[in-house]
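Beneath this line is the structure, given in C-alpha cells, with notes to follow.
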Amino acid sequence: MQNQILYVWYLLTAVTILAALLVVLAKNPIHSVLSLVVTFFCLSAHYVLLNAQFLAVVNIIVYAGAIMVLFLFVIMFLNLREYTEETKSNFAKLGAAVVGGVTLVAIIAALKKVQYPMPMRYDVRTGFVETLGEVLFRDYLLPFELVTVLFFVAMVGAVMLGKREKGERHF
Amino acid sequence: MIPEVVQRIPLQYYIFFASALFVIGIVGVLTRRNAIIIFMSVELMLNAVNLLLIAFSTYRSDPNGQVFVFFIMAVAAAEVAVGLAIIVMIYRNVRSVDIGLLNKLKW
Amino acid sequence: MLSIISLSIFGIVNLFLGFLKSRRILLPATLLFLIVALILNSMDWNQQALYFGDMLRVNNVFVNFAGIVLITALLIVGISRHFGNDEEHTHPAEYYAILLFSVTGALMMIGFENLIMLFVGVEVLSVAMYVLTGTDKRNIRSNEAALKYFLMGSFATGLLLFGVAMVYGATGSFKLGGIASYVQMASMYGAVSPLLYVGLLFLFIGMLFKVSAAPFHFWTPDVYEGAPTIFTAFMSTVVKTAGFAAFYKIASTAFAGVYGFWAQSLAVMAVLTLLIGNITAAYQGSFKRMMAYSSISHAGYLLLAVVAKVPSSQSAILFYSLSYSLATVAAFGVLMAVSESRQFEGRGDDRYEAFNGLAKTNPLLAFVLTVSMLSLAGIPLTAGFWGKFFIFSAAVQANLTSLLVIAVLMSCVGIYYYFRVIIAMYLKPAEGEGISVSAGFTLTLVLTTVLTLLLGVFPDVVKNIF
C-alpha cells in the first residue's frame, strides 16, 4: 500500500521514456505525433503528482490540444506518408547517438551527488492558480506584457508567410 | 503537508528523467531529416525543461519556476505557429504532395 | 524603458499604416519612429533605474548598447528603399513592423535583469528573424534558409532553457543578482552545486549558437546567404550586438564568481571561431558568403573581450560592435545595389566578379565599400582599427597572450579576403552598364562611411561616452 506511489511513478516514467523514444524512432510521422501526445499526457500526470495541477491542465490544453493538433493538421494537409528514404548515413546516426549517450552519462555523473536542501516551510499551495496568478501579475508583469510583442510577431509572420499570394495556386 | 512524491522520490530521479527526455530530443534533432520530426524533437526538449523546472519548483516550494514554465508554453505556441507557416510556405513552392525538399536539406 | 514601450506601440502603428494605399509613407514613418525611440533612449542617460520588480535595468550601458542597435536599425531602414522588384509580392508594412518589434526584443536582451526577460527577448528577436529570413517567399533558397534558421534557432532555445532550468535548480532564482550572490557565497565555501556548472554550460552553448560562434556556427553561412540581403545586414549587426551585450552581461555579473570554470572553455571557442571564420572566409567565391564567415570571425574577436572580462572589456565590446555594425551595413548596402543590377544564373549576382570595375562604373559605391572593407580588416584611420585595438588591449590586460597572437595572425588573414573585393573593384575591367542608386540610399551609405572615418580619426569622442 505504501509503495503504490512508487509503482505509479516508475510506470509513468517508463511509459514517458518509451513514448519519447518512439517519437524519435518512428518511421511514420503520424506515429511520431501520436506518441508525442502520449508523452504529453504522461508528463501531465507527472505534474499532478508534483502538485502542479494548474500546469498539468494547461499542458494538456496547450500542448496536447493546440500544438499537437496543429502538427497533425499540417502532416495530414501535406499528406506526409512513411519516410523510407531516410538518407542520413548510419555513421552520422551512430555519431549522434554516441553524442547523446555521452551527454546523458556526463549529466548523470555530474549530478549524482546533488545535495538538495528541503525548504523550511512547505507550502502545498505552490502550484495552485491563486499563487501562480499572484506571482505572474505582480512580479512578472513586464515579461507578461512583452510576450504580446512576440505574439504579434508570430501572428503577422505566420499570416504573411502562409498566405496565398496573387497568382499562386490554391491548395 | 508535503506531497508524497517529494517525500519518497529523490530529486535526482527527476533530474535524470528530464535529462533522458532532453537527450532523446537532441538525438532526434541530430539524426532525423524530416523537418516536422526535428521540430517535434525540439518540442520534446522543451517539455523536458518544463518537467525539470516544475520538479525544482515543487521541491523548493517556490512558484517562480512554474511561472517560467507558463512562459515557455506560451513561447512554444508562438514558435509552432511560425514554424508550421514556414513549412506550408515551402510546400507551396515545391508544388508537390511529397515534399522532397524537406529531406534534401543539407546540414 | 520608454524606448521599449514606444517601439512596441510604433510597430503596431506601422501595421495600421499598411492599410493606406500609398507605400511611400512607410519608410519615413519607420525612420521617424526609430528617431523618436533614439531620443527617448538618450533621455535615460545617467538614470539608474530598475523597472517592474527587478525585471529590467536601465543605466548608461543599456543606453549605449540600445543606441548602437537603434542607429544600426536606422541605417538599415535607410537603405531599405524597396524590397525586390516584385511590388505585388512584398509586404513592406509588415517587414517594417517586424523590424521594430525585433528591435524591442534586442533592447530586452540588452537590459534584462531576470533570465525570463533574456528568454523572451531572445525569442522575440529570433522569431522575427525567422520570419524575415523567409520573406522572399518564392525563392526556394530563402525558404530553405528560413527553415534551417528556424530549426537550429529553436534547438538553441531548447539548450538555453535547459541551462536556465539547471541554474534555477542550483540557485533557486532567475534574477541575475540572486544567481550572482549564490555563486559568490558557494564558491567562497567551495560548495558550488554541480547543477550550476551543467546549467552554465548549456546556457553558454545556447548563447553561442545565437551569436554564431564556432563550433555552433554551421547554420550561419547558409542562412545569411539565403536571406534577403537587407535582412542579412540586420541579422549580422543587430542580432550580434544584442547577443554579445546579453552574453557579456550574464558572464560578467551572474557568473563572475566561477570565472575560472568558463574562461578556459570560452577561450578555446574563441580560438576555434577565429580560425574557422577567417580561414573559411578566405576560400569563398561569393561575397555574401564571405561576409557570413567574416561575421563569424568578428564574433571571435568579441568573444576575446568576453573571455578577458576586465573592466575595459565592456567599452571595447561597445566600440567594436559600433564599428562592425557601421561597416557591415555599408558592405551589404553596396552588395544590394550591385546584385540588383547584375544577374547571374537567374538571380542577383553576389560573387566577387559582380564587383569588377565598380570604381569606374560607380566610384562612390566603390569608395564606400573600400572604407567598409578597410574598417572590417582593421586598417588604421578607420573605426575597425580602434575596435580591434581596444579588444586587444583588453586581452593584454587579462594576460591572454597566446590568444592575442592567434587573433592578430587571423586579422592578417582577414586582410587577404577583404582586399580581394577592393582589387576586383579597382583593378579588374568593368562589365555591364553603370549602377544608379537613389539619393536616400546614397546618403545613408555616405553617412556610414563618414561615421566610420570620423571614429577612425577621433575615437576618443565616442570612447569617452562608453
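By convention in this document, the chains of the C-alpha cells carry letters A, B, ... by their order, each chain's residues are numbered from 1, and ligands are numbered from 1 in the order they are shown.
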
Legend entry - 6 Å contacts from chain B to chain A using only C-alpha atoms, as an MDAnalysis selection string: chainID B and resid 23 27:28 30:31 60:61 63 78 82 85 89

Based on the selection just made, write N, CA and C atoms of those residues as a PDB file, in the first residue's frame.
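Wrote it out as result.pdb, contents follow:
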```pdb
ATOM      1  N   VAL B  23      17.890  14.480 -23.795  1.00  0.00           N
ATOM      2  CA  VAL B  23      18.882  13.875 -24.689  1.00  0.00           C
ATOM      3  C   VAL B  23      18.194  13.146 -25.835  1.00  0.00           C
ATOM      4  N   VAL B  27      19.046  13.848 -29.710  1.00  0.00           N
ATOM      5  CA  VAL B  27      19.378  12.802 -30.681  1.00  0.00           C
ATOM      6  C   VAL B  27      18.401  12.858 -31.853  1.00  0.00           C
ATOM      7  N   GLY B  28      17.126  13.117 -31.545  1.00  0.00           N
ATOM      8  CA  GLY B  28      16.145  13.244 -32.626  1.00  0.00           C
ATOM      9  C   GLY B  28      16.501  14.363 -33.584  1.00  0.00           C
ATOM     10  N   LEU B  30      19.402  15.564 -34.168  1.00  0.00           N
ATOM     11  CA  LEU B  30      20.628  15.289 -34.910  1.00  0.00           C
ATOM     12  C   LEU B  30      20.466  14.174 -35.938  1.00  0.00           C
ATOM     13  N   THR B  31      19.556  13.195 -35.684  1.00  0.00           N
ATOM     14  CA  THR B  31      19.509  12.047 -36.580  1.00  0.00           C
ATOM     15  C   THR B  31      18.443  12.159 -37.658  1.00  0.00           C
ATOM     16  N   ARG B  60      11.365  22.983  -4.013  1.00  0.00           N
ATOM     17  CA  ARG B  60      11.740  24.186  -3.285  1.00  0.00           C
ATOM     18  C   ARG B  60      10.537  24.897  -2.699  1.00  0.00           C
ATOM     19  N   SER B  61       9.339  24.497  -3.151  1.00  0.00           N
ATOM     20  CA  SER B  61       8.115  25.187  -2.783  1.00  0.00           C
ATOM     21  C   SER B  61       8.200  26.660  -3.169  1.00  0.00           C
ATOM     22  N   PRO B  63       7.050  29.260  -6.313  1.00  0.00           N
ATOM     23  CA  PRO B  63       6.234  29.315  -7.535  1.00  0.00           C
ATOM     24  C   PRO B  63       6.943  29.884  -8.758  1.00  0.00           C
ATOM     25  N   ALA B  78       3.806  30.151 -29.911  1.00  0.00           N
ATOM     26  CA  ALA B  78       4.102  31.145 -30.942  1.00  0.00           C
ATOM     27  C   ALA B  78       5.088  30.588 -31.954  1.00  0.00           C
ATOM     28  N   VAL B  82       4.760  29.936 -36.248  1.00  0.00           N
ATOM     29  CA  VAL B  82       5.683  30.416 -37.280  1.00  0.00           C
ATOM     30  C   VAL B  82       6.323  29.248 -38.021  1.00  0.00           C
ATOM     31  N   ALA B  85       4.018  27.638 -40.435  1.00  0.00           N
ATOM     32  CA  ALA B  85       3.795  28.525 -41.583  1.00  0.00           C
ATOM     33  C   ALA B  85       4.949  28.425 -42.558  1.00  0.00           C
ATOM     34  N   MET B  89       4.717  27.217 -46.401  1.00  0.00           N
ATOM     35  CA  MET B  89       5.227  28.075 -47.472  1.00  0.00           C
ATOM     36  C   MET B  89       6.138  27.283 -48.411  1.00  0.00           C
TER      37      MET B  89
END
```

Inset, instruction - List the neighbours of range 162-165 of chain C out to 7 Å using only C-alpha atoms; skip same-chain residues closer than 2 positions along the sequence, and give me the result as a list of chain:residue names. - result: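 So the residues in contact are B:Val49, B:Leu52, B:Leu53, C:Gly158, C:Leu159, C:Leu160, C:Val167, C:Tyr168, C:Gly169, C:Gly199, C:Leu200, C:Leu201, C:Phe202, C:Leu203.
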
Could you save the residues just selected, with N, CA and C atoms, as a short mmCIF file (atom, residue, chain, number, x, y, z; two decimals), in the first residue's frame?
```
data_model
loop_
_atom_site.label_atom_id
_atom_site.label_comp_id
_atom_site.auth_asym_id
_atom_site.auth_seq_id
_atom_site.Cartn_x
_atom_site.Cartn_y
_atom_site.Cartn_z
N VAL B 49 12.55 20.41 -20.26
CA VAL B 49 12.86 21.60 -19.47
C VAL B 49 11.69 21.94 -18.54
N LEU B 52 11.65 19.63 -15.60
CA LEU B 52 12.74 19.95 -14.69
C LEU B 52 12.39 21.17 -13.84
N LEU B 53 11.85 22.20 -14.50
CA LEU B 53 11.50 23.42 -13.77
C LEU B 53 10.42 23.15 -12.73
N GLY C 158 16.11 25.57 -26.93
CA GLY C 158 15.97 24.44 -26.02
C GLY C 158 17.19 24.28 -25.13
N LEU C 159 18.38 24.36 -25.72
CA LEU C 159 19.61 24.24 -24.93
C LEU C 159 19.69 25.36 -23.88
N LEU C 160 19.38 26.58 -24.34
CA LEU C 160 19.41 27.73 -23.44
C LEU C 160 18.49 27.51 -22.25
N VAL C 167 20.32 26.15 -13.76
CA VAL C 167 20.79 27.25 -12.91
C VAL C 167 19.74 27.56 -11.84
N TYR C 168 18.48 27.50 -12.23
CA TYR C 168 17.41 27.73 -11.25
C TYR C 168 17.45 26.64 -10.17
N GLY C 169 17.70 25.41 -10.60
CA GLY C 169 17.77 24.33 -9.62
C GLY C 169 18.88 24.56 -8.62
N GLY C 199 24.28 23.76 -15.81
CA GLY C 199 23.41 24.82 -16.32
C GLY C 199 24.19 25.88 -17.06
N LEU C 200 25.31 26.29 -16.46
CA LEU C 200 26.15 27.31 -17.07
C LEU C 200 26.60 26.88 -18.46
N LEU C 201 27.01 25.61 -18.55
CA LEU C 201 27.49 25.07 -19.82
C LEU C 201 26.40 25.17 -20.90
N PHE C 202 25.20 24.68 -20.56
CA PHE C 202 24.13 24.68 -21.55
C PHE C 202 23.70 26.10 -21.90
N LEU C 203 23.65 26.96 -20.89
CA LEU C 203 23.27 28.36 -21.11
C LEU C 203 24.23 29.01 -22.08
#
```

Legend entry - For CA of Gly226 in chain C and CA of Asp350 in chain C, the interatomic separation in Å (one decimal):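 CA of Gly226 in chain C sits 11.2 Å away from CA of Asp350 in chain C.
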
Compile a residue-level contact table for chain C against chain B at a cut-off of 9 Å, reporting for every qualifying residue the shortest atom pair and its distance in Å to one decimal, with only C-alpha atoms counted, rows ordered by chain and ascending number, as JSON lines.
```
{"residue": "C:Ile116", "atom": "CA", "partner": "B:Phe68", "partner_atom": "CA", "distance": 7.0}
{"residue": "C:Phe119", "atom": "CA", "partner": "B:Ile72", "partner_atom": "CA", "distance": 8.8}
{"residue": "C:Val120", "atom": "CA", "partner": "B:Val75", "partner_atom": "CA", "distance": 7.8}
{"residue": "C:Glu123", "atom": "CA", "partner": "B:Val75", "partner_atom": "CA", "distance": 7.5}
{"residue": "C:Val127", "atom": "CA", "partner": "B:Glu79", "partner_atom": "CA", "distance": 6.9}
{"residue": "C:Tyr130", "atom": "CA", "partner": "B:Val82", "partner_atom": "CA", "distance": 8.0}
{"residue": "C:Val131", "atom": "CA", "partner": "B:Val82", "partner_atom": "CA", "distance": 7.3}
{"residue": "C:Gly134", "atom": "CA", "partner": "B:Ile86", "partner_atom": "CA", "distance": 7.4}
{"residue": "C:Lys137", "atom": "CA", "partner": "B:Met89", "partner_atom": "CA", "distance": 7.2}
{"residue": "C:Arg138", "atom": "CA", "partner": "B:Asn93", "partner_atom": "CA", "distance": 6.4}
{"residue": "C:Asn139", "atom": "CA", "partner": "B:Asn93", "partner_atom": "CA", "distance": 8.1}
{"residue": "C:Ile140", "atom": "CA", "partner": "B:Asn93", "partner_atom": "CA", "distance": 7.0}
{"residue": "C:Asn143", "atom": "CA", "partner": "B:Ile90", "partner_atom": "CA", "distance": 6.0}
{"residue": "C:Glu144", "atom": "CA", "partner": "B:Leu105", "partner_atom": "CA", "distance": 7.6}
{"residue": "C:Ala146", "atom": "CA", "partner": "B:Ile86", "partner_atom": "CA", "distance": 7.1}
{"residue": "C:Leu147", "atom": "CA", "partner": "B:Ile86", "partner_atom": "CA", "distance": 6.4}
{"residue": "C:Lys148", "atom": "CA", "partner": "B:Trp107", "partner_atom": "CA", "distance": 8.2}
{"residue": "C:Phe150", "atom": "CA", "partner": "B:Gly83", "partner_atom": "CA", "distance": 6.7}
{"residue": "C:Leu151", "atom": "CA", "partner": "B:Phe39", "partner_atom": "CA", "distance": 6.6}
{"residue": "C:Ser154", "atom": "CA", "partner": "B:Val42", "partner_atom": "CA", "distance": 6.9}
{"residue": "C:Phe155", "atom": "CA", "partner": "B:Val42", "partner_atom": "CA", "distance": 5.9}
{"residue": "C:Thr157", "atom": "CA", "partner": "B:Leu46", "partner_atom": "CA", "distance": 8.6}
{"residue": "C:Gly158", "atom": "CA", "partner": "B:Leu46", "partner_atom": "CA", "distance": 5.7}
{"residue": "C:Leu159", "atom": "CA", "partner": "B:Met45", "partner_atom": "CA", "distance": 8.1}
{"residue": "C:Leu161", "atom": "CA", "partner": "B:Val49", "partner_atom": "CA", "distance": 6.6}
{"residue": "C:Phe162", "atom": "CA", "partner": "B:Val49", "partner_atom": "CA", "distance": 5.4}
{"residue": "C:Gly163", "atom": "CA", "partner": "B:Val49", "partner_atom": "CA", "distance": 8.8}
{"residue": "C:Val164", "atom": "CA", "partner": "B:Val49", "partner_atom": "CA", "distance": 8.8}
{"residue": "C:Ala165", "atom": "CA", "partner": "B:Leu53", "partner_atom": "CA", "distance": 5.6}
{"residue": "C:Met166", "atom": "CA", "partner": "B:Leu52", "partner_atom": "CA", "distance": 7.9}
{"residue": "C:Tyr168", "atom": "CA", "partner": "B:Gly65", "partner_atom": "CA", "distance": 7.7}
{"residue": "C:Gly169", "atom": "CA", "partner": "B:Phe56", "partner_atom": "CA", "distance": 5.6}
{"residue": "C:Gly172", "atom": "CA", "partner": "B:Arg60", "partner_atom": "CA", "distance": 7.6}
{"residue": "C:Ser173", "atom": "CA", "partner": "B:Asn64", "partner_atom": "CA", "distance": 7.9}
{"residue": "C:Phe174", "atom": "CA", "partner": "B:Asn64", "partner_atom": "CA", "distance": 8.1}
{"residue": "C:Phe218", "atom": "CA", "partner": "B:Trp107", "partner_atom": "CA", "distance": 7.7}
{"residue": "C:Trp219", "atom": "CA", "partner": "B:Trp107", "partner_atom": "CA", "distance": 7.5}
```

Legend entry - 8 Å contacts from chain C to chain A using only C-alpha atoms, as JSON, numbers by chain: {"C": [8, 52, 53, 55, 88, 89, 91, 94, 98, 101, 116, 117, 120, 123, 124, 127, 128, 131, 134, 135, 137, 193, 194, 195, 198]}

Keeping only N, CA and C atoms, write the selected residues to a file as a PDB file, in the first residue's frame.
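Done, and the output landed in result16.pdb:
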```pdb
ATOM      1  N   SER C   8       7.276  49.117 -29.197  1.00  0.00           N
ATOM      2  CA  SER C   8       6.254  48.101 -29.413  1.00  0.00           C
ATOM      3  C   SER C   8       4.950  48.737 -29.878  1.00  0.00           C
ATOM      4  N   PHE C  52       9.829  47.364 -12.815  1.00  0.00           N
ATOM      5  CA  PHE C  52       8.907  46.233 -12.682  1.00  0.00           C
ATOM      6  C   PHE C  52       9.484  45.094 -11.858  1.00  0.00           C
ATOM      7  N   GLY C  53       9.799  45.392 -10.608  1.00  0.00           N
ATOM      8  CA  GLY C  53      10.272  44.328  -9.742  1.00  0.00           C
ATOM      9  C   GLY C  53      11.529  43.660 -10.261  1.00  0.00           C
ATOM     10  N   MET C  55      13.025  43.561 -13.184  1.00  0.00           N
ATOM     11  CA  MET C  55      12.993  42.850 -14.457  1.00  0.00           C
ATOM     12  C   MET C  55      13.968  43.458 -15.448  1.00  0.00           C
ATOM     13  N   GLU C  88       4.130  43.358 -56.135  1.00  0.00           N
ATOM     14  CA  GLU C  88       2.893  42.720 -55.679  1.00  0.00           C
ATOM     15  C   GLU C  88       3.138  41.715 -54.566  1.00  0.00           C
ATOM     16  N   HIS C  89       4.346  41.179 -54.525  1.00  0.00           N
ATOM     17  CA  HIS C  89       4.581  40.103 -53.573  1.00  0.00           C
ATOM     18  C   HIS C  89       5.375  40.537 -52.364  1.00  0.00           C
ATOM     19  N   HIS C  91       5.462  42.907 -48.721  1.00  0.00           N
ATOM     20  CA  HIS C  91       4.569  43.491 -47.714  1.00  0.00           C
ATOM     21  C   HIS C  91       5.384  44.418 -46.824  1.00  0.00           C
ATOM     22  N   GLU C  94       4.469  45.103 -43.077  1.00  0.00           N
ATOM     23  CA  GLU C  94       4.753  44.004 -42.159  1.00  0.00           C
ATOM     24  C   GLU C  94       6.248  43.911 -41.880  1.00  0.00           C
ATOM     25  N   ILE C  98       7.771  44.238 -38.192  1.00  0.00           N
ATOM     26  CA  ILE C  98       8.521  43.157 -37.553  1.00  0.00           C
ATOM     27  C   ILE C  98       9.923  43.635 -37.193  1.00  0.00           C
ATOM     28  N   PHE C 101       9.523  45.488 -33.979  1.00  0.00           N
ATOM     29  CA  PHE C 101       9.310  44.544 -32.876  1.00  0.00           C
ATOM     30  C   PHE C 101      10.616  43.848 -32.510  1.00  0.00           C
ATOM     31  N   ILE C 116      14.146  35.512 -17.316  1.00  0.00           N
ATOM     32  CA  ILE C 116      12.947  35.396 -18.141  1.00  0.00           C
ATOM     33  C   ILE C 116      12.896  36.498 -19.191  1.00  0.00           C
ATOM     34  N   MET C 117      13.449  37.671 -18.831  1.00  0.00           N
ATOM     35  CA  MET C 117      13.496  38.751 -19.815  1.00  0.00           C
ATOM     36  C   MET C 117      14.466  38.397 -20.930  1.00  0.00           C
ATOM     37  N   VAL C 120      12.545  35.875 -23.161  1.00  0.00           N
ATOM     38  CA  VAL C 120      11.511  36.491 -24.009  1.00  0.00           C
ATOM     39  C   VAL C 120      12.159  37.378 -25.073  1.00  0.00           C
ATOM     40  N   GLU C 123      13.632  35.312 -27.800  1.00  0.00           N
ATOM     41  CA  GLU C 123      12.590  34.725 -28.638  1.00  0.00           C
ATOM     42  C   GLU C 123      11.977  35.757 -29.570  1.00  0.00           C
ATOM     43  N   VAL C 124      11.704  36.968 -29.055  1.00  0.00           N
ATOM     44  CA  VAL C 124      11.123  38.000 -29.925  1.00  0.00           C
ATOM     45  C   VAL C 124      12.061  38.268 -31.086  1.00  0.00           C
ATOM     46  N   VAL C 127      12.300  34.908 -33.429  1.00  0.00           N
ATOM     47  CA  VAL C 127      11.107  34.608 -34.225  1.00  0.00           C
ATOM     48  C   VAL C 127      10.956  35.646 -35.330  1.00  0.00           C
ATOM     49  N   ALA C 128      11.240  36.910 -34.992  1.00  0.00           N
ATOM     50  CA  ALA C 128      11.175  37.949 -36.017  1.00  0.00           C
ATOM     51  C   ALA C 128      12.165  37.646 -37.134  1.00  0.00           C
ATOM     52  N   VAL C 131      11.027  34.858 -39.510  1.00  0.00           N
ATOM     53  CA  VAL C 131      10.023  35.333 -40.472  1.00  0.00           C
ATOM     54  C   VAL C 131      10.689  36.165 -41.560  1.00  0.00           C
ATOM     55  N   GLY C 134      12.508  34.359 -44.302  1.00  0.00           N
ATOM     56  CA  GLY C 134      11.686  33.700 -45.310  1.00  0.00           C
ATOM     57  C   GLY C 134      10.843  34.639 -46.137  1.00  0.00           C
ATOM     58  N   THR C 135      11.085  35.966 -46.049  1.00  0.00           N
ATOM     59  CA  THR C 135      10.159  36.887 -46.713  1.00  0.00           C
ATOM     60  C   THR C 135      10.220  36.808 -48.223  1.00  0.00           C
ATOM     61  N   LYS C 137       9.334  34.929 -50.536  1.00  0.00           N
ATOM     62  CA  LYS C 137       8.568  33.689 -50.433  1.00  0.00           C
ATOM     63  C   LYS C 137       8.720  32.759 -51.611  1.00  0.00           C
ATOM     64  N   SER C 193      27.129  23.953  -6.398  1.00  0.00           N
ATOM     65  CA  SER C 193      26.386  22.770  -6.815  1.00  0.00           C
ATOM     66  C   SER C 193      26.747  22.389  -8.249  1.00  0.00           C
ATOM     67  N   PRO C 194      26.930  21.083  -8.543  1.00  0.00           N
ATOM     68  CA  PRO C 194      27.214  20.677  -9.927  1.00  0.00           C
ATOM     69  C   PRO C 194      26.110  21.096 -10.879  1.00  0.00           C
ATOM     70  N   LEU C 195      24.891  21.268 -10.361  1.00  0.00           N
ATOM     71  CA  LEU C 195      23.798  21.746 -11.203  1.00  0.00           C
ATOM     72  C   LEU C 195      24.162  23.058 -11.875  1.00  0.00           C
ATOM     73  N   VAL C 198      26.578  22.470 -14.856  1.00  0.00           N
ATOM     74  CA  VAL C 198      25.871  21.928 -16.023  1.00  0.00           C
ATOM     75  C   VAL C 198      25.008  23.014 -16.658  1.00  0.00           C
TER      76      VAL C 198
END
```

Legend entry - Counting only C-alpha atoms, the residue of A:Ala19, A:Ile61, A:Leu72, A:Ala56 that sits nearest Ile24 in chain B: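 Selected residue with least distance to Ile24 in chain B: A:Ala19.
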
Legend entry - Residue nearest Thr280 in chain C - candidates C:Ile317, C:Thr452, C:Ile5, C:Tyr416, atoms counted: only C-alpha atoms: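 Using only C-alpha atoms, Thr280 in chain C sits closest to C:Tyr416.
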
Inset, instruction - Mind giving me the straight-line distance from CA of Ile230 in chain C to CA of Thr72 in chain C in Å, one decimal? - result: 12.1 Å

Inset, instruction - Would you work out the distance separating CA of Thr401 in chain C from CA of Ala308 in chain C, expressed in Å to one decimal? - result: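 Answer for the CA of Thr401 in chain C to CA of Ala308 in chain C separation: 10.8 Å.
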
Applying 6 Å and only C-alpha atoms, which residues near range 9-15 of chain C remain after dropping the ones on its own chain fewer than 5 positions away? List them as an mmCIF file with N, CA and C atoms, in the first residue's frame.
```cif
data_model
loop_
_atom_site.group_PDB
_atom_site.id
_atom_site.type_symbol
_atom_site.label_atom_id
_atom_site.label_comp_id
_atom_site.auth_asym_id
_atom_site.auth_seq_id
_atom_site.Cartn_x
_atom_site.Cartn_y
_atom_site.Cartn_z
ATOM 1 N N ALA C 93 4.851 47.042 -45.029
ATOM 2 C CA ALA C 93 4.347 47.441 -43.713
ATOM 3 C C ALA C 93 4.676 46.368 -42.688
ATOM 4 N N ALA C 97 7.189 46.644 -39.509
ATOM 5 C CA ALA C 97 6.634 46.397 -38.177
ATOM 6 C C ALA C 97 7.448 45.320 -37.464
ATOM 7 N N LEU C 100 10.678 46.669 -36.239
ATOM 8 C CA LEU C 100 10.548 47.446 -34.999
ATOM 9 C C LEU C 100 10.362 46.514 -33.807
ATOM 10 N N PHE C 101 9.523 45.488 -33.979
ATOM 11 C CA PHE C 101 9.310 44.544 -32.876
ATOM 12 C C PHE C 101 10.616 43.848 -32.510
#
```
